[in-house]
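Chemist: Provided herewith is a single structure, encoded as structure tokens, for subsequent inquiry.
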Amino acid sequence: MPSGIWHLEPRRIRPWWERAVAASVAHPEIRAYLDLDRPQVTREHLRQAFDQPRIISEVLRADPAYFELRGRAAMVSRRVV
């Protein structure tokens, strides 16, 4: 179930999060854990872990495109107000 942060962020932000999750799951070190075939470590469990507000915020802040978008949005807000 998506966390409450998606009520604070526009839905168009979610693709950045999805891209970060896909990249994380594809990372060799993460894949090694998934390849252990343990019931506690699954793609779905990782997606649930990544859907915590603190993690979402960190992921989005780390994406240069998202960071630039937020900066531009802040400039527009300052000009409109």
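Chain labels A, B, ... are given in the sequence in which chains occur in the structure tokens; within each chain residues are numbered consecutively from 1, and ligands are likewise numbered from 1 in the order shown.
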Would you mind listing what lies within 12 Å of A:Ser24 as a VMD selection string, with only C-alpha atoms counted and same-chain residues fewer than 4 positions away left out?

Modeler: chain A and resid 17 to 20 28 to 34 43 46 to 47 49 to 50 59

Chemist: Please identify which residues in stretch 4-66 of chain A DSSP calls alpha helix (DSSP H) from the backbone, and express them as a VMD selection string.

Modeler: chain A and resid 14 to 26 28 to 35 43 to 50 53 to 62 64 to 66

Chemist: Tell me which protein, DNA and RNA residues are within 12 Å of A:Ile13, counting only C-alpha atoms, leaving out same-chain ones fewer than 6 positions away, and put them as a PDB file with N, CA and C atoms, in the first residue's frame.

Modeler:
ATOM      1  N   ILE A   5       2.942   9.819   1.790  1.00  0.00           N
ATOM      2  CA  ILE A   5       3.692  10.873   1.107  1.00  0.00           C
ATOM      3  C   ILE A   5       3.116  11.138  -0.285  1.00  0.00           C
ATOM      4  N   TRP A   6       2.468  10.145  -0.874  1.00  0.00           N
ATOM      5  CA  TRP A   6       1.920  10.358  -2.217  1.00  0.00           C
ATOM      6  C   TRP A   6       0.732  11.302  -2.191  1.00  0.00           C
ATOM      7  N   HIS A   7       0.199  11.590  -1.017  1.00  0.00           N
ATOM      8  CA  HIS A   7      -0.844  12.607  -0.925  1.00  0.00           C
ATOM      9  C   HIS A   7      -0.233  14.003  -0.888  1.00  0.00           C
ATOM     10  N   ARG A  19      11.570   4.557 -10.956  1.00  0.00           N
ATOM     11  CA  ARG A  19      12.869   4.388 -11.621  1.00  0.00           C
ATOM     12  C   ARG A  19      13.958   4.071 -10.597  1.00  0.00           C
ATOM     13  N   ALA A  20      13.932   4.752  -9.461  1.00  0.00           N
ATOM     14  CA  ALA A  20      14.928   4.508  -8.419  1.00  0.00           C
ATOM     15  C   ALA A  20      14.780   3.105  -7.833  1.00  0.00           C
ATOM     16  N   ILE A  56      11.456   7.486   0.524  1.00  0.00           N
ATOM     17  CA  ILE A  56      10.975   8.170  -0.678  1.00  0.00           C
ATOM     18  C   ILE A  56      11.628   9.540  -0.785  1.00  0.00           C
ATOM     19  N   SER A  57      11.641  10.284   0.298  1.00  0.00           N
ATOM     20  CA  SER A  57      12.241  11.612   0.285  1.00  0.00           C
ATOM     21  C   SER A  57      13.716  11.559  -0.084  1.00  0.00           C
ATOM     22  N   VAL A  59      15.295   9.188  -1.771  1.00  0.00           N
ATOM     23  CA  VAL A  59      15.421   8.763  -3.169  1.00  0.00           C
ATOM     24  C   VAL A  59      15.167   9.942  -4.097  1.00  0.00           C
ATOM     25  N   LEU A  60      14.090  10.672  -3.838  1.00  0.00           N
ATOM     26  CA  LEU A  60      13.757  11.783  -4.714  1.00  0.00           C
ATOM     27  C   LEU A  60      14.816  12.880  -4.641  1.00  0.00           C
ATOM     28  N   ARG A  61      15.320  13.156  -3.455  1.00  0.00           N
ATOM     29  CA  ARG A  61      16.364  14.186  -3.323  1.00  0.00           C
ATOM     30  C   ARG A  61      17.633  13.802  -4.058  1.00  0.00           C
ATOM     31  N   ASP A  63      17.838  12.260  -6.897  1.00  0.00           N
ATOM     32  CA  ASP A  63      17.659  12.280  -8.351  1.00  0.00           C
ATOM     33  C   ASP A  63      17.861  13.706  -8.856  1.00  0.00           C
ATOM     34  N   ALA A  65      17.266  15.153 -11.677  1.00  0.00           N
ATOM     35  CA  ALA A  65      16.138  15.698 -12.434  1.00  0.00           C
ATOM     36  C   ALA A  65      15.025  16.154 -11.498  1.00  0.00           C
ATOM     37  N   TYR A  66      14.767  15.370 -10.462  1.00  0.00           N
ATOM     38  CA  TYR A  66      13.745  15.748  -9.491  1.00  0.00           C
ATOM     39  C   TYR A  66      14.190  16.988  -8.720  1.00  0.00           C
ATOM     40  N   PHE A  67      15.451  17.012  -8.329  1.00  0.00           N
ATOM     41  CA  PHE A  67      15.993  18.154  -7.591  1.00  0.00           C
ATOM     42  C   PHE A  67      15.844  19.431  -8.427  1.00  0.00           C
ATOM     43  N   LEU A  69      13.659  19.930 -10.896  1.00  0.00           N
ATOM     44  CA  LEU A  69      12.230  20.216 -11.004  1.00  0.00           C
ATOM     45  C   LEU A  69      11.730  20.961  -9.766  1.00  0.00           C
ATOM     46  N   ARG A  70      12.116  20.468  -8.581  1.00  0.00           N
ATOM     47  CA  ARG A  70      11.689  21.123  -7.341  1.00  0.00           C
ATOM     48  C   ARG A  70      12.230  22.543  -7.261  1.00  0.00           C
TER      49      ARG A  70
END

Chemist: For a test of reading the model, state the distance in Å between atom CA of A:Gln48 and atom CA of A:Arg14, rounded to one decimal.

Modeler: 14.3 Å

Chemist: What does the structure give for the distance between atom CA of A:Arg79 and atom CA of A:Glu58, in Å to one decimal?

Modeler: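 Separation of atom CA of A:Arg79 and atom CA of A:Glu58: 27.2 Å.
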